[in-house]
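J.: Attaching a single structure in structure tokens format; questions to follow.
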Amino acid sequence: MTFQPLWRALSLRLPILQGPMTGSDTPALAAAVSAAGGLGMLGCGMRSPSAMAEAAAEVRRRTDRPFGLNLFVQDTPTPDPATVERALARLAPLYAEFGLQPAAPAQWCEDFASQFDALVEARPAVASFTFGILNGAQVERLHGAGCTVIGTATTVAEAIAWADVGADAVCASGMEAGGHRGTFLPMGRPDPRGPVAGQPAGQSGPSHADFAAAMVGTMALVPQCVDALHPRGVAVIAAGGIMDGRGIAAAQALGADAVQMGTAFLACTESGIGQAYRDALARAQGTDTRVTRVFSGRPARGIVNTMMERLARDEAAIPAYPVQNALTGTLRRAAAAQGRDDYLSLWAGQGVAAARALPAGELVAALEQEWCAALGRSPSQA
């Protein structure tokens, strides 16, 4: 099937999507990327419906170009009280360093149904999702609001599942990518450690073994997704380890229609990270990142620090997302307030050493020049 490239269909000048970075991106960053010719994105997984509306309005105030919103597809958990108590006891020594006592939060996460309604109301050009999958009716509702729907996949099976529900594109997220893994399909392999700690009884979902099996590299994942989805008219976006124009060209050579770059934009001046996080990014090499559950309960890649090391031995017992994420929230905010990176979730991909601390518009311009040079073309030809 022949179809218009995704980035052309979205009226973008460049095949570049800024990765949604919940808690680190800002309307200023998304607007700057969109204004420069890419697609700015806002990670809204932890934004309330009203905050989503405010953020979308701020992007529109700054630019008239297309942008996107991203949500976590998740149910509100009902964790076992004993699991929560054990988790609080595990975190107590870390909290004590800040003179604090851990406590269960008022809510574990935002209500997805309410967030989804806010997303439809905001009518962004792109609605993207991770951690789970929508149903066909939800995808149709977004199409009715004029949104292009993008799902996240870490395996070919997940990519096909998104195509089956009517997604327009799938972001093929390789294991090199920073931040949370989007794995959502169980793979039928028994896990000797049992289900993920804190997972509600009767709830199906990926196990420890499933997450491990879904650690597929970008170079392996993208062409397989292209072969499976392009015949169905579904675009593929490459993500994971792409930091410059050469990476964009390489992803296109594998058949990707566009790329999604998160870590590359994390160091931009418009991102919402604090100075301690910025300093950690500036020092980090690709070998400094690991995938861990200690911060949030869902495997995520970040820079190794004290908290990751102190909780490593208990990783298998940590409650699943969003329970652990909520329980560590106050601790991470206290660390940020004191400018300490030892207890921050320093999400970053394996390409972190190539991150550039530039204004987003300048970074997009540099990426365009590098991409054109890799293709051996002028910007007009590209």
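For the structure tokens, the naming scheme is as follows: chains receive sequential letters (A, B, ...) according to their order of presentation, residues are indexed from 1 within each chain, and ligands are indexed from 1 in presentation order.
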What are the closest atom pairs, with distances in Å to one decimal, for each residue of stretch 258-340 of chain A lying within 7 Å of stretch 90-109 of chain A, using only C-alpha atoms, rows by chain and rising residue number, as CSV?
T.:
residue,atom,partner,partner_atom,distance
A:Pro322,CA,A:Trp108,CA,6.2
A:Val323,CA,A:Trp108,CA,5.9
A:Ala326,CA,A:Trp108,CA,5.8
A:Leu327,CA,A:Ala104,CA,6.3
A:Leu331,CA,A:Tyr95,CA,6.1
J.: Could the residues in this selection be written to a file with N, CA, C and O atoms, as a PDB file, in the first residue's frame?
T.:
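Ended up saving to result.pdb:
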ATOM      1  N   PRO A 322       1.392   2.449  39.052  1.00  0.00           N
ATOM      2  CA  PRO A 322       1.953   3.705  39.545  1.00  0.00           C
ATOM      3  C   PRO A 322       2.165   3.759  41.058  1.00  0.00           C
ATOM      4  O   PRO A 322       2.443   4.832  41.596  1.00  0.00           O
ATOM      5  N   VAL A 323       2.042   2.610  41.759  1.00  0.00           N
ATOM      6  CA  VAL A 323       2.134   2.631  43.212  1.00  0.00           C
ATOM      7  C   VAL A 323       3.516   3.106  43.668  1.00  0.00           C
ATOM      8  O   VAL A 323       3.642   4.049  44.449  1.00  0.00           O
ATOM      9  N   ALA A 326       4.164   6.777  42.983  1.00  0.00           N
ATOM     10  CA  ALA A 326       3.519   7.689  43.924  1.00  0.00           C
ATOM     11  C   ALA A 326       4.229   7.696  45.273  1.00  0.00           C
ATOM     12  O   ALA A 326       4.371   8.741  45.906  1.00  0.00           O
ATOM     13  N   LEU A 327       4.703   6.529  45.707  1.00  0.00           N
ATOM     14  CA  LEU A 327       5.357   6.433  47.007  1.00  0.00           C
ATOM     15  C   LEU A 327       6.715   7.131  47.030  1.00  0.00           C
ATOM     16  O   LEU A 327       7.178   7.577  48.087  1.00  0.00           O
ATOM     17  N   LEU A 331       9.924  11.999  47.906  1.00  0.00           N
ATOM     18  CA  LEU A 331      11.374  11.851  48.041  1.00  0.00           C
ATOM     19  C   LEU A 331      12.097  12.503  46.872  1.00  0.00           C
ATOM     20  O   LEU A 331      13.071  13.256  47.060  1.00  0.00           O
TER      21      LEU A 331
END
J.: Per residue of stretch 262-307 of chain A within 12 Å of stretch 119-137 of chain A, which atom pair is closest and at what distance in Å (one decimal), using only C-alpha atoms, listed by chain and increasing number, as a Markdown table?
T.:
| residue | atom | partner | partner_atom | distance |
| --- | --- | --- | --- | --- |
| A:Arg298 | CA | A:Phe131 | CA | 9.3 |
| A:Pro299 | CA | A:Phe131 | CA | 10.8 |
| A:Ala300 | CA | A:Phe131 | CA | 11.6 |
J.: Just C-alpha atoms for this one: save the residues we selected as a PDB file, in the first residue's frame.
T.:
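Result file follows (part_0.pdb):
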ATOM      1  CA  ARG A 298       7.873   0.052  35.774  1.00  0.00           C
ATOM      2  CA  PRO A 299      11.154  -0.674  33.981  1.00  0.00           C
ATOM      3  CA  ALA A 300      12.729   2.573  32.830  1.00  0.00           C
TER       4      ALA A 300
END
J.: Which residues of stretch 191-301 of chain A come within 7 Å of stretch 14-33 of chain A, and for each one, what is the closest pair of atoms and their distance in Å to one decimal, counting only C-alpha atoms, sorted by chain and residue number, as JSON lines?
T.:
{"residue": "A:Ala258", "atom": "CA", "partner": "A:Pro15", "partner_atom": "CA", "distance": 4.5}
{"residue": "A:Val259", "atom": "CA", "partner": "A:Ile16", "partner_atom": "CA", "distance": 5.3}
{"residue": "A:Gln260", "atom": "CA", "partner": "A:Leu17", "partner_atom": "CA", "distance": 4.5}
{"residue": "A:Met261", "atom": "CA", "partner": "A:Gly19", "partner_atom": "CA", "distance": 5.0}
{"residue": "A:Gly262", "atom": "CA", "partner": "A:Gly19", "partner_atom": "CA", "distance": 4.1}
{"residue": "A:Phe265", "atom": "CA", "partner": "A:Gln18", "partner_atom": "CA", "distance": 6.8}
{"residue": "A:Glu270", "atom": "CA", "partner": "A:Leu29", "partner_atom": "CA", "distance": 4.9}
{"residue": "A:Ser271", "atom": "CA", "partner": "A:Asp25", "partner_atom": "CA", "distance": 5.1}
{"residue": "A:Gly272", "atom": "CA", "partner": "A:Ser24", "partner_atom": "CA", "distance": 4.6}
{"residue": "A:Ile273", "atom": "CA", "partner": "A:Ser24", "partner_atom": "CA", "distance": 5.4}
J.: Generate a file of the selected residues that holds N, CA and C atoms, formatted as a PDB file, in the first residue's frame.
T.:
ATOM      1  N   ALA A 258       9.496   8.372  10.319  1.00  0.00           N
ATOM      2  CA  ALA A 258       9.946   9.518  11.110  1.00  0.00           C
ATOM      3  C   ALA A 258      10.665   8.967  12.329  1.00  0.00           C
ATOM      4  N   VAL A 259      11.221   9.863  13.133  1.00  0.00           N
ATOM      5  CA  VAL A 259      11.882   9.454  14.365  1.00  0.00           C
ATOM      6  C   VAL A 259      11.273  10.204  15.544  1.00  0.00           C
ATOM      7  N   GLN A 260      11.369   9.586  16.708  1.00  0.00           N
ATOM      8  CA  GLN A 260      10.972  10.255  17.947  1.00  0.00           C
ATOM      9  C   GLN A 260      12.212  10.341  18.824  1.00  0.00           C
ATOM     10  N   MET A 261      12.551  11.564  19.269  1.00  0.00           N
ATOM     11  CA  MET A 261      13.780  11.810  20.007  1.00  0.00           C
ATOM     12  C   MET A 261      13.447  12.439  21.352  1.00  0.00           C
ATOM     13  N   GLY A 262      13.746  11.719  22.426  1.00  0.00           N
ATOM     14  CA  GLY A 262      13.476  12.237  23.752  1.00  0.00           C
ATOM     15  C   GLY A 262      14.715  12.782  24.420  1.00  0.00           C
ATOM     16  N   PHE A 265      16.299  16.016  23.271  1.00  0.00           N
ATOM     17  CA  PHE A 265      15.654  17.286  23.623  1.00  0.00           C
ATOM     18  C   PHE A 265      15.639  17.540  25.128  1.00  0.00           C
ATOM     19  N   GLU A 270      14.645  24.814  27.127  1.00  0.00           N
ATOM     20  CA  GLU A 270      13.212  24.923  27.425  1.00  0.00           C
ATOM     21  C   GLU A 270      12.668  23.733  28.211  1.00  0.00           C
ATOM     22  N   SER A 271      13.451  22.673  28.402  1.00  0.00           N
ATOM     23  CA  SER A 271      12.923  21.528  29.144  1.00  0.00           C
ATOM     24  C   SER A 271      12.760  21.891  30.612  1.00  0.00           C
ATOM     25  N   GLY A 272      11.983  21.091  31.332  1.00  0.00           N
ATOM     26  CA  GLY A 272      11.638  21.447  32.700  1.00  0.00           C
ATOM     27  C   GLY A 272      12.533  20.846  33.768  1.00  0.00           C
ATOM     28  N   ILE A 273      13.666  20.248  33.401  1.00  0.00           N
ATOM     29  CA  ILE A 273      14.519  19.607  34.402  1.00  0.00           C
ATOM     30  C   ILE A 273      15.332  20.655  35.166  1.00  0.00           C
TER      31      ILE A 273
END
J.: Do you have the atom CA of A:Phe112-atom CA of A:Gly274 distance handy?
T.: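 We find that atom CA of A:Phe112 and atom CA of A:Gly274 lie 27.8 Å from each other.
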J.: Taking only C-alpha atoms into account, which of A:Ala354, A:Val304, A:Leu71, A:Ala238 comes nearest A:Gly43?
T.: A:Leu71
J.: Go through A:Ala57, A:Asp342, A:Phe67, A:Pro319 and flag the residue nearest A:Met41, using only C-alpha atoms for the distances.
T.: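 Selected residue with least distance to A:Met41: A:Phe67.
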J.: How far is it from atom CA of A:Gly349 to atom CA of A:Leu367, in Å with one decimal?
T.: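 Atom CA of A:Gly349 sits 17.7 Å away from atom CA of A:Leu367.
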